[in-house]
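Heads up: the structure comes next, in structure tokens.
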Amino acid sequence: MSNVIRPCRGVFAPSRLAIILGVVIACAVASDHARAQSAPPVASSATPFVSDRLSVEVVGQGPDVILIPGLASSREVWRATADRLKASHRVHLVQLAGFAGEPWTHGDGAFIQPEVDELARYIRQARLDRPAVIGHSMGGLSGLLLAQQQPDLVGRVMTVDSLPFYSAMFGPTATAESAKPLADQAANMILSADTASFRTQQEATAQALSLTPSEQARIVAWSLATDRHAMASAMKDVMTTDARPGLATMTTPVTALYAADADGGAPVAMADAMWTREYAALPGVSLIRVDGSRHFIMADQPARFAELVDAFLANCALKILPANGGGLVQPFFGVTSPALTGAPSNWSA
């Protein structure tokens with residue numbers, strides 16, 4: 001459910017980072033149509049992909065797009081996106097083991113790296129041609145790691161409200177080692193909470209992660225159906241996995257969406273500064289803020305999210321215009337970053 005631990009008011013405090021400026025997209029999609037004609041289908045006689053780490057549902061025809069959900073989320077978080085894209089793309093909806101009712105057989109073992117390894121195996125077995133990868137939260141981190149470790153397998157990556165090192169939200173000097181005690185504490189809290197306390201905790205967290213009541217209800221339902229050991233293992237990995245050292249040598253194009261919400265979410269200036277700093281080492285990264293949204297951008301700003309996904313898949317340049325006080329996208333030390341303009345100053349933890 002991507003209800004990652006927040007750095008305020010204790011381990012499960014509300015999210016404080018996210019949002020977007022207005023976007024005008026003008027781009028020819030002839031190349032995508034051509035690629036749709038040539039995209040190699042998964043042969044019906046091919047051996048079915050079987051994994052105890054993830055499953056994949058495939059819909060549509062055309063260029064390949066892999067959609068990865070976040071922590072404790074169902075693949076259904078991507079259903080609206082998949083339904084819209086399937087007329088022009090072949091969409092691979094990933095479901096991670098242990099989440100939202102899926103079986104989990106790995107106890108308290110590692111979560112993220114085995115999942116990334118299985119994603120790579122899936123791409124090879126299905127003979128996908130450098131698919132686009134879109135990941136939300138932990139799914140975005142997985143996409144970054146996949147592109148770093150297997151650059152020949154991935155065409156481009158979009159991360160959705162996902163930092164290359166989650167625990168950077170605890171401060172610019174945080175490291176994987178310094179985050180370990182907090183990660184252990186978070187995992188213990190997940191495992192030790194009684195059912196009633198866990199539900200109350202997830203209901204509060206869901207309100208911090210989305211402005212949309214229907215999405216809040218889904219987040220809670222997915223969390224309650226998630227194996228606690230899977231959630232705890234994933235949380236520890238999220239908090240102690242630092243993908244920043246591999247950013248400087250990445251050649252895969254990356255677009256990073258992030259949310260901002262002046263009314264209880266991340267203020268613009270804080271969100272801009274955080275994402276600019278944490279992605280600064282990635283050459284040519286496109287950072288795009290989505291205003292009026294919390295962590296689940298696809299639910300809180302569905303129209304804007306659809307525009308940005310279409311532009312990303314069309315592989316064209318984005319022309320960013322001010323919207324709701326947002327700034328222009330400007331180059332900043334190799335990073336495409338929103339100018340810090342119109343930022344509210346009344347945010348409190």
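The chains in the structure tokens are called A, B, ... from first to last as shown; in each chain the residues are counted from 1, and the ligands are counted from 1 in the order shown.
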
If we count only C-alpha atoms and set the cut-off at 6 Å, which residues sit around Met158 of chain A, ignoring sequence neighbours fewer than 2 positions away in its own chain? Please answer as a list in words.
Ile134, Val254, Thr255 and Ala256 of chain A

Give me the residues of segment 79-168 of chain A that have any atom at most 12 Å from an atom of segment 216-229 of chain A; for each, the nearest atom pair and the distance in Å, rounded to one decimal. Use only C-alpha atoms, sort by chain and number, and format it as a Markdown table.
```
| residue | atom | partner | partner_atom | distance |
| --- | --- | --- | --- | --- |
| A:Gln95 | CA | A:Trp222 | CA | 11.9 |
| A:Leu96 | CA | A:Thr226 | CA | 10.4 |
| A:Ala97 | CA | A:Asp227 | CA | 9.0 |
| A:Gly98 | CA | A:Asp227 | CA | 5.2 |
| A:Phe99 | CA | A:Thr226 | CA | 4.4 |
| A:Ala100 | CA | A:Trp222 | CA | 4.3 |
| A:Gly101 | CA | A:Ala225 | CA | 4.7 |
| A:Glu102 | CA | A:Thr226 | CA | 7.3 |
| A:Pro103 | CA | A:Asp227 | CA | 7.6 |
| A:Trp104 | CA | A:Asp227 | CA | 6.7 |
| A:Thr105 | CA | A:His229 | CA | 9.4 |
| A:His106 | CA | A:His229 | CA | 8.3 |
| A:Gly107 | CA | A:His229 | CA | 5.9 |
| A:Asp108 | CA | A:His229 | CA | 5.7 |
| A:Gly109 | CA | A:His229 | CA | 8.7 |
| A:Ala110 | CA | A:His229 | CA | 10.6 |
| A:Phe111 | CA | A:His229 | CA | 10.2 |
```

Within 9 Å of Pro69 of chain A using only C-alpha atoms, minus same-chain residues under 6 positions, as a list in words: Met1, Ser2, Arg75, Glu76, Val77, Trp78, Leu93, Val94, Gln95, Leu96, Ile134, Gly135, His136, Ser137, Met138, Gly139 and Gly140 of chain A

Self-check item: Nearby residues (only C-alpha atoms) at most 7 Å from Ser88 of chain A, same-chain spacing under 3 positions excluded, as a PyMOL selection string
Solution: chain A and resi 61-62+85

File dump, residues just selected, C-alpha atoms, as a compact mmCIF listing (two decimals), in the first residue's frame:
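Result written to result.txt:
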```
# COMPACT_ATOMS: atom_id res chain seq x y z
CA GLN A 61 -1.07 -5.09 -27.17
CA GLY A 62 1.76 -2.77 -28.16
CA LEU A 85 -3.21 2.12 -21.76
```

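The interatomic distance for the pair atom CA of Leu282 of chain A and atom CA of Gly265 of chain A works out to 25.9 Å.
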
Restricting to only C-alpha atoms, whichever of A:Ala306, A:Val154, A:Leu146, A:Leu313 is closest to Asp129 of chain A is A:Val154

Item to complete: Enumerate, as number ranges by chain, the complete set of residues in segment 128-220 of chain A that a backbone-based DSSP assignment places in strand (DSSP E or B).
Response: A: 132-136, 156-160

Close residues, Thr175 of chain A itself excluded, 9 Å, only C-alpha atoms, min 6 positions apart in chain, as a list in words: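 Here the answer would be Phe165, Ser167, Ala168, Thr240 and Asp242 of chain A.
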
Exercise. Could you please determine the separation between atom CA of Thr241 of chain A and atom CA of Pro164 of chain A in Å, to one decimal place?
Key: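 Rounded to one decimal, the two atoms are 8.2 Å apart.
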
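With only C-alpha atoms as the atoms that count, the residue of A:Arg79, A:Arg294, A:Arg53, A:Arg121 with the shortest distance to Val91 of chain A is A:Arg79.
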
> Quick one: of A:Gly292, A:Arg277, A:Val285, A:Asp117, who's nearest to Thr173 of chain A, counting only C-alpha atoms?
Replying inline: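 Smallest separation from Thr173 of chain A among the options: A:Arg277.
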
Between A:Leu144, A:Met189, A:Ala269, A:Leu211, smallest distance to Pro253 of chain A by only C-alpha atoms belongs to A:Leu144

Inset, instruction - Excluding Leu191 of chain A and any residue of its chain fewer than 2 positions from it, enumerate the residues within 9 Å of it, using only C-alpha atoms, and give them as a PyMOL selection string. - result: chain A and resi 186-189+193-194+228-229+231-232

Got a sec: who's within 8 Å of Leu247 of chain A, counting only C-alpha atoms, leaving out chain neighbours fewer than 5 positions off, as a list in words?
-> Gln148, Tyr279, Ala281, Leu282 and Pro283 of chain A

Let me make sure I understand: among A:Leu54, A:Leu71, A:Ala179, A:Ala234, which one has the smallest atom-to-atom distance to Tyr122 of chain A if we use only C-alpha atoms?
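Using only C-alpha atoms, the shortest distance to Tyr122 of chain A belongs to A:Leu54.
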
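The spacing separating atom CA of Pro131 of chain A from atom CA of Asp291 of chain A amounts to 28.1 Å.
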
Name the residues of segment 55-261 of chain A that fall into helix (DSSP H, G or I) according to DSSP on the backbone, using the chain letters and numbers of this document, as a PDB file with C-alpha atoms, in the first residue's frame.
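See out.pdb below for the written result:
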```pdb
ATOM      1  CA  ARG A  75      -1.794  -4.373  -8.537  1.00  0.00           C
ATOM      2  CA  GLU A  76      -5.293  -2.827  -8.554  1.00  0.00           C
ATOM      3  CA  VAL A  77      -3.660   0.499  -7.714  1.00  0.00           C
ATOM      4  CA  TRP A  78      -2.750   0.520 -11.429  1.00  0.00           C
ATOM      5  CA  ARG A  79      -6.082  -0.744 -12.825  1.00  0.00           C
ATOM      6  CA  ALA A  80      -7.300   2.604 -14.147  1.00  0.00           C
ATOM      7  CA  THR A  81      -3.914   3.224 -15.759  1.00  0.00           C
ATOM      8  CA  ALA A  82      -3.843  -0.237 -17.303  1.00  0.00           C
ATOM      9  CA  ASP A  83      -7.400   0.046 -18.610  1.00  0.00           C
ATOM     10  CA  ARG A  84      -6.504   3.319 -20.300  1.00  0.00           C
ATOM     11  CA  LEU A  85      -3.210   2.122 -21.765  1.00  0.00           C
ATOM     12  CA  ILE A 112      13.435  -6.002  -2.430  1.00  0.00           C
ATOM     13  CA  GLN A 113      16.494  -7.574  -4.047  1.00  0.00           C
ATOM     14  CA  PRO A 114      14.853 -10.984  -4.638  1.00  0.00           C
ATOM     15  CA  GLU A 115      11.867  -9.172  -6.160  1.00  0.00           C
ATOM     16  CA  VAL A 116      14.149  -7.150  -8.462  1.00  0.00           C
ATOM     17  CA  ASP A 117      15.902 -10.357  -9.527  1.00  0.00           C
ATOM     18  CA  GLU A 118      12.545 -11.916 -10.395  1.00  0.00           C
ATOM     19  CA  LEU A 119      11.496  -8.867 -12.397  1.00  0.00           C
ATOM     20  CA  ALA A 120      14.648  -9.265 -14.464  1.00  0.00           C
ATOM     21  CA  ARG A 121      13.914 -12.963 -14.955  1.00  0.00           C
ATOM     22  CA  TYR A 122      10.383 -12.144 -16.051  1.00  0.00           C
ATOM     23  CA  ILE A 123      11.570  -9.641 -18.664  1.00  0.00           C
ATOM     24  CA  ARG A 124      13.989 -12.216 -20.076  1.00  0.00           C
ATOM     25  CA  GLN A 125      11.541 -15.111 -20.040  1.00  0.00           C
ATOM     26  CA  MET A 138       8.782   0.988  -3.190  1.00  0.00           C
ATOM     27  CA  GLY A 139       7.919  -0.037  -6.745  1.00  0.00           C
ATOM     28  CA  GLY A 140       9.779   3.036  -7.993  1.00  0.00           C
ATOM     29  CA  LEU A 141      12.825   2.087  -5.940  1.00  0.00           C
ATOM     30  CA  SER A 142      12.604  -1.391  -7.461  1.00  0.00           C
ATOM     31  CA  GLY A 143      12.524   0.133 -10.937  1.00  0.00           C
ATOM     32  CA  LEU A 144      15.630   2.207 -10.222  1.00  0.00           C
ATOM     33  CA  LEU A 145      17.518  -0.819  -8.899  1.00  0.00           C
ATOM     34  CA  LEU A 146      16.442  -2.918 -11.876  1.00  0.00           C
ATOM     35  CA  ALA A 147      17.721  -0.284 -14.311  1.00  0.00           C
ATOM     36  CA  GLN A 148      20.988   0.074 -12.373  1.00  0.00           C
ATOM     37  CA  GLN A 149      21.626  -3.660 -12.216  1.00  0.00           C
ATOM     38  CA  TYR A 166      13.718   6.625   1.605  1.00  0.00           C
ATOM     39  CA  SER A 167      15.469   7.358   4.891  1.00  0.00           C
ATOM     40  CA  ALA A 168      16.875  10.586   3.461  1.00  0.00           C
ATOM     41  CA  MET A 169      13.610  12.005   4.764  1.00  0.00           C
ATOM     42  CA  PHE A 170      15.087  11.683   8.248  1.00  0.00           C
ATOM     43  CA  ALA A 176      21.602   2.947   5.437  1.00  0.00           C
ATOM     44  CA  GLU A 177      23.551   2.080   8.570  1.00  0.00           C
ATOM     45  CA  SER A 178      22.131   4.922  10.660  1.00  0.00           C
ATOM     46  CA  ALA A 179      18.613   4.042   9.501  1.00  0.00           C
ATOM     47  CA  LYS A 180      18.900   0.405  10.580  1.00  0.00           C
ATOM     48  CA  PRO A 181      17.737   0.891  14.216  1.00  0.00           C
ATOM     49  CA  LEU A 182      14.677   2.791  13.003  1.00  0.00           C
ATOM     50  CA  ALA A 183      14.025   0.120  10.381  1.00  0.00           C
ATOM     51  CA  ASP A 184      14.173  -2.597  13.018  1.00  0.00           C
ATOM     52  CA  GLN A 185      11.833  -0.600  15.237  1.00  0.00           C
ATOM     53  CA  ALA A 186       9.376  -0.153  12.381  1.00  0.00           C
ATOM     54  CA  ALA A 187       9.391  -3.863  11.585  1.00  0.00           C
ATOM     55  CA  ASN A 188       8.842  -4.757  15.235  1.00  0.00           C
ATOM     56  CA  MET A 189       5.898  -2.377  15.460  1.00  0.00           C
ATOM     57  CA  ILE A 190       4.288  -3.984  12.416  1.00  0.00           C
ATOM     58  CA  LEU A 191       4.735  -7.484  13.802  1.00  0.00           C
ATOM     59  CA  SER A 192       3.725  -6.770  17.396  1.00  0.00           C
ATOM     60  CA  THR A 195      -5.376  -6.446  15.136  1.00  0.00           C
ATOM     61  CA  ALA A 196      -7.372  -3.493  16.425  1.00  0.00           C
ATOM     62  CA  SER A 197      -4.310  -1.284  16.877  1.00  0.00           C
ATOM     63  CA  PHE A 198      -2.987  -2.240  13.472  1.00  0.00           C
ATOM     64  CA  ARG A 199      -6.280  -1.306  11.804  1.00  0.00           C
ATOM     65  CA  THR A 200      -6.391   2.044  13.588  1.00  0.00           C
ATOM     66  CA  GLN A 201      -2.811   2.711  12.584  1.00  0.00           C
ATOM     67  CA  GLN A 202      -3.487   1.881   8.942  1.00  0.00           C
ATOM     68  CA  GLU A 203      -6.613   4.030   8.824  1.00  0.00           C
ATOM     69  CA  ALA A 204      -4.653   7.030  10.074  1.00  0.00           C
ATOM     70  CA  THR A 205      -1.810   6.333   7.695  1.00  0.00           C
ATOM     71  CA  ALA A 206      -4.160   6.012   4.713  1.00  0.00           C
ATOM     72  CA  GLN A 207      -5.482   9.513   5.326  1.00  0.00           C
ATOM     73  CA  ALA A 208      -1.921  10.821   5.197  1.00  0.00           C
ATOM     74  CA  LEU A 209      -1.183   8.955   1.966  1.00  0.00           C
ATOM     75  CA  PRO A 213     -11.641   8.621   0.430  1.00  0.00           C
ATOM     76  CA  SER A 214     -12.155   5.644  -1.889  1.00  0.00           C
ATOM     77  CA  GLU A 215      -8.397   5.208  -2.209  1.00  0.00           C
ATOM     78  CA  GLN A 216      -7.976   5.480   1.545  1.00  0.00           C
ATOM     79  CA  ALA A 217     -10.419   2.592   1.947  1.00  0.00           C
ATOM     80  CA  ARG A 218      -8.484   0.489  -0.561  1.00  0.00           C
ATOM     81  CA  ILE A 219      -5.179   1.246   1.160  1.00  0.00           C
ATOM     82  CA  VAL A 220      -6.556   0.035   4.479  1.00  0.00           C
ATOM     83  CA  ALA A 221      -8.059  -3.101   2.950  1.00  0.00           C
ATOM     84  CA  TRP A 222      -4.808  -3.987   1.186  1.00  0.00           C
ATOM     85  CA  SER A 223      -2.813  -3.457   4.378  1.00  0.00           C
ATOM     86  CA  LEU A 224      -5.089  -5.645   6.460  1.00  0.00           C
ATOM     87  CA  ALA A 225      -4.838  -8.402   3.836  1.00  0.00           C
ATOM     88  CA  ARG A 228       2.742  -8.869   8.429  1.00  0.00           C
ATOM     89  CA  HIS A 229       6.097 -10.594   7.940  1.00  0.00           C
ATOM     90  CA  ALA A 230       6.164  -9.537   4.284  1.00  0.00           C
ATOM     91  CA  MET A 231       5.304  -5.954   5.266  1.00  0.00           C
ATOM     92  CA  ALA A 232       7.944  -5.862   7.987  1.00  0.00           C
ATOM     93  CA  SER A 233      10.630  -7.303   5.704  1.00  0.00           C
ATOM     94  CA  ALA A 234       9.756  -4.877   2.933  1.00  0.00           C
ATOM     95  CA  MET A 235       9.776  -1.943   5.344  1.00  0.00           C
ATOM     96  CA  LYS A 236      13.238  -2.814   6.634  1.00  0.00           C
ATOM     97  CA  ASP A 237      14.535  -3.101   3.086  1.00  0.00           C
ATOM     98  CA  VAL A 238      12.945   0.178   1.991  1.00  0.00           C
ATOM     99  CA  MET A 239      14.480   2.052   4.902  1.00  0.00           C
ATOM    100  CA  THR A 240      17.992   0.605   4.457  1.00  0.00           C
ATOM    101  CA  ARG A 244      21.918   6.868  -4.730  1.00  0.00           C
ATOM    102  CA  PRO A 245      25.464   5.514  -5.255  1.00  0.00           C
ATOM    103  CA  GLY A 246      24.345   3.995  -8.561  1.00  0.00           C
TER     104      GLY A 246
END
```

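The nearest approach to Thr47 of chain A among the residues A:Ala243, A:Ile288, A:Ser73, A:Arg127, with only C-alpha atoms taken into account, belongs to A:Arg127.
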